[in-house]
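Engineer: Below is a structure I'd like to ask you about.
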Amino acid sequence: MTHDDRRMNAFVTFPGWRNEACIVHGFGTDFCGYEGLDTENEDNREQAKRETVHCAAREALKRAGDGFHRLMTVKQTHSTDLLVLRKDMDVLPKPDEVTCDGIVTDRSDLLVGVKTADCLPLLFYAPERPAVAAVHAGWRGVYEGIALQAIRELQDTFGCDSGTLQLVIGPGADACCYEVSDELAGDFEKRFGSEAVRKVGSRMHLDLVRAVEIQVEGQGMKAENVQRIGHCTICRQSPRYYSWRRDREKTGRLLHFIGIR
């Protein structure tokens, strides 16, 4: 795939949201390329990683169109903390100034996003408010319930109904490739049931997407409102994604976003 082809398909969108007039969204690919990521100089490599996010943010704002003045992200730490940005707030933090793992908002002047490289991006949409959330969910966040925290914030802060809430789970390390220790698999099985783990050969794998589905449906979300993109960041070839498990330190960061039009 050429660079122009990658840019044309820079973001994957959920078919059910493509004609949704109230929101704009996208799940990032590796369209920003790998330049500088293979260097042995750690400082230069970190700068190259940041540039993949900056590149994707510029493209996301371009595609979102008029009315969106910035794309807000946070400094992610695998916590269950979320940043809430209400439309009546006069002063907003700078991108990556707040340490947490997602953003919940009813504002229509900005995009909210999260960065991943195998963890799951969760994009929530509450159509009756409207309000949205972008959440970063690795295995720690899923296990500790960050998706549930997002639902609670949408309910408590914006009065959203979990029965009408919509969630799309983006590309991440899928059960086909997400090998983990027997101990971690056992912990997930105890908490989420046998559907959250899978034995592949002699090794245990996590089905992190299924764990999220089980969790949010238990919180009142309807199964038909919980959808998945279904792409594994580790083995998917087209579109291709940045993957820490596949490329370790020499990989970029995917940017996923959502905003209220």
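Starting from 1 in every chain, residues are counted up; chains themselves are A, B, ... following the order of the structure tokens, and ligands are numbered from 1 as listed.
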Which residues come within 9 Å of Ile229 (chain A), counting only C-alpha atoms, excluding same-chain residues fewer than 2 positions away, as a PyMOL selection string?

Structural biologist: chain A and resi 12-14+27+168-171+227+231

Engineer: Mind checking which residues fall within 9 Å of Cys160 (chain A), counting only C-alpha atoms, ignoring those fewer than 6 positions away in the same chain, and posting them as a count of residues only?

Structural biologist: 10

Engineer: Let me make sure I understand: among A:Leu82, A:Leu111, A:Ala10, A:Cys22, which one has the smallest atom-to-atom distance to Leu148 (chain A) if we use only C-alpha atoms?

Structural biologist: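 Counting only C-alpha atoms, the residue closest to Leu148 (chain A) is A:Leu82.
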
Engineer: List every residue of region 122-237 of chain A that DSSP, applied to the backbone of this structure, places in strand (DSSP E), and write the result as a ChimeraX atom specification.

Structural biologist: /A:122-126,131-137,166-169,179-180,197-200,203-206,226-228

Engineer: One decimal, Å: what's the distance from CA of Gly26 (chain A) over to CA of Phe192 (chain A), could you say?

Structural biologist: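 The value is 28.3 Å.
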
Engineer: Run DSSP on the backbone of this structure and report the residues of region 88-240 of chain A it assigns to alpha helix (DSSP H), as a count of residues only.

Structural biologist: 41

Engineer: Under the rule that only C-alpha atoms are counted, which of A:Gln215, A:Glu189, A:Tyr125, A:Arg236 is the nearest residue to Glu20 (chain A)?

Structural biologist: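 Result for the nearest residue to Glu20 (chain A): A:Tyr125.
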
Engineer: What's around Leu85 (chain A) at 9 Å? Count only C-alpha atoms, leave out sequence neighbours fewer than 4 positions away in its own chain, and write the answer as number ranges by chain.

Structural biologist: A: 89, 92, 103-107

Engineer: Smallest atom-to-atom distance to Gln155 (chain A): which of A:Thr99, A:Gln219, A:Ser202, A:Ser194, using only C-alpha atoms?

Structural biologist: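 That would be A:Gln219, the residue with the smallest distance to Gln155 (chain A).
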
Engineer: Would you mind telling me which residue in A:Lys49, A:Arg248, A:Arg58, A:His136 lies nearest to Lys75 (chain A) when using only C-alpha atoms?

Structural biologist: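 Distance minimum relative to Lys75 (chain A) lands on A:His136.
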
Engineer: Write out as a list in words the residues lying within 12 Å of Glu97 (chain A), counting only C-alpha atoms and excluding same-chain residues fewer than 6 positions away.

Structural biologist: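 Residues near the query, excluding close chain neighbours: Met72, Thr73, Val74, Lys75, Gln76 and Leu83 of chain A.
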
Engineer: Could you dump the residues just selected with all heavy atoms as a PDB file, in the first residue's frame?

Structural biologist:
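The new file result-v1.pdb reads:
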```pdb
ATOM      1  N   MET A  72      -8.430  16.949  21.983  1.00  0.00           N
ATOM      2  CA  MET A  72      -7.964  16.801  23.346  1.00  0.00           C
ATOM      3  C   MET A  72      -7.583  15.352  23.640  1.00  0.00           C
ATOM      4  O   MET A  72      -8.359  14.429  23.386  1.00  0.00           O
ATOM      5  CB  MET A  72      -9.055  17.249  24.323  1.00  0.00           C
ATOM      6  CG  MET A  72      -8.659  17.143  25.784  1.00  0.00           C
ATOM      7  SD  MET A  72      -7.337  18.301  26.226  1.00  0.00           S
ATOM      8  CE  MET A  72      -8.219  19.848  26.067  1.00  0.00           C
ATOM      9  N   THR A  73      -6.379  15.154  24.166  1.00  0.00           N
ATOM     10  CA  THR A  73      -5.944  13.851  24.652  1.00  0.00           C
ATOM     11  C   THR A  73      -5.419  14.022  26.073  1.00  0.00           C
ATOM     12  O   THR A  73      -5.265  15.147  26.558  1.00  0.00           O
ATOM     13  CB  THR A  73      -4.830  13.255  23.766  1.00  0.00           C
ATOM     14  OG1 THR A  73      -3.757  14.206  23.655  1.00  0.00           O
ATOM     15  CG2 THR A  73      -5.355  12.917  22.380  1.00  0.00           C
ATOM     16  N   VAL A  74      -5.140  12.913  26.743  1.00  0.00           N
ATOM     17  CA  VAL A  74      -4.646  12.950  28.111  1.00  0.00           C
ATOM     18  C   VAL A  74      -3.370  12.115  28.221  1.00  0.00           C
ATOM     19  O   VAL A  74      -3.030  11.363  27.303  1.00  0.00           O
ATOM     20  CB  VAL A  74      -5.703  12.415  29.100  1.00  0.00           C
ATOM     21  CG1 VAL A  74      -6.889  13.365  29.166  1.00  0.00           C
ATOM     22  CG2 VAL A  74      -6.162  11.011  28.722  1.00  0.00           C
ATOM     23  N   LYS A  75      -2.672  12.273  29.336  1.00  0.00           N
ATOM     24  CA  LYS A  75      -1.486  11.468  29.611  1.00  0.00           C
ATOM     25  C   LYS A  75      -1.946  10.159  30.230  1.00  0.00           C
ATOM     26  O   LYS A  75      -2.350  10.112  31.396  1.00  0.00           O
ATOM     27  CB  LYS A  75      -0.537  12.211  30.552  1.00  0.00           C
ATOM     28  CG  LYS A  75       0.788  11.506  30.761  1.00  0.00           C
ATOM     29  CD  LYS A  75       1.718  12.346  31.627  1.00  0.00           C
ATOM     30  CE  LYS A  75       3.059  11.647  31.809  1.00  0.00           C
ATOM     31  NZ  LYS A  75       3.965  12.450  32.672  1.00  0.00           N
ATOM     32  N   GLN A  76      -1.891   9.084  29.481  1.00  0.00           N
ATOM     33  CA  GLN A  76      -2.495   7.812  29.876  1.00  0.00           C
ATOM     34  C   GLN A  76      -1.577   7.000  30.796  1.00  0.00           C
ATOM     35  O   GLN A  76      -0.366   6.929  30.569  1.00  0.00           O
ATOM     36  CB  GLN A  76      -2.857   7.014  28.613  1.00  0.00           C
ATOM     37  CG  GLN A  76      -3.862   7.748  27.732  1.00  0.00           C
ATOM     38  CD  GLN A  76      -4.025   7.143  26.352  1.00  0.00           C
ATOM     39  OE1 GLN A  76      -4.692   7.720  25.494  1.00  0.00           O
ATOM     40  NE2 GLN A  76      -3.419   5.997  26.088  1.00  0.00           N
ATOM     41  N   LEU A  83     -11.327  12.243  32.574  1.00  0.00           N
ATOM     42  CA  LEU A  83     -11.463  13.696  32.574  1.00  0.00           C
ATOM     43  C   LEU A  83     -12.841  14.054  32.026  1.00  0.00           C
ATOM     44  O   LEU A  83     -13.214  13.582  30.954  1.00  0.00           O
ATOM     45  CB  LEU A  83     -10.369  14.318  31.699  1.00  0.00           C
ATOM     46  CG  LEU A  83     -10.455  15.820  31.436  1.00  0.00           C
ATOM     47  CD1 LEU A  83     -10.287  16.622  32.724  1.00  0.00           C
ATOM     48  CD2 LEU A  83      -9.405  16.230  30.393  1.00  0.00           C
TER      49      LEU A  83
END
```

Engineer: I'd like to know which of A:Val98, A:Val216, A:Ala117, A:Cys235 is closest to Asp174 (chain A), using only C-alpha atoms.

Structural biologist: A:Cys235
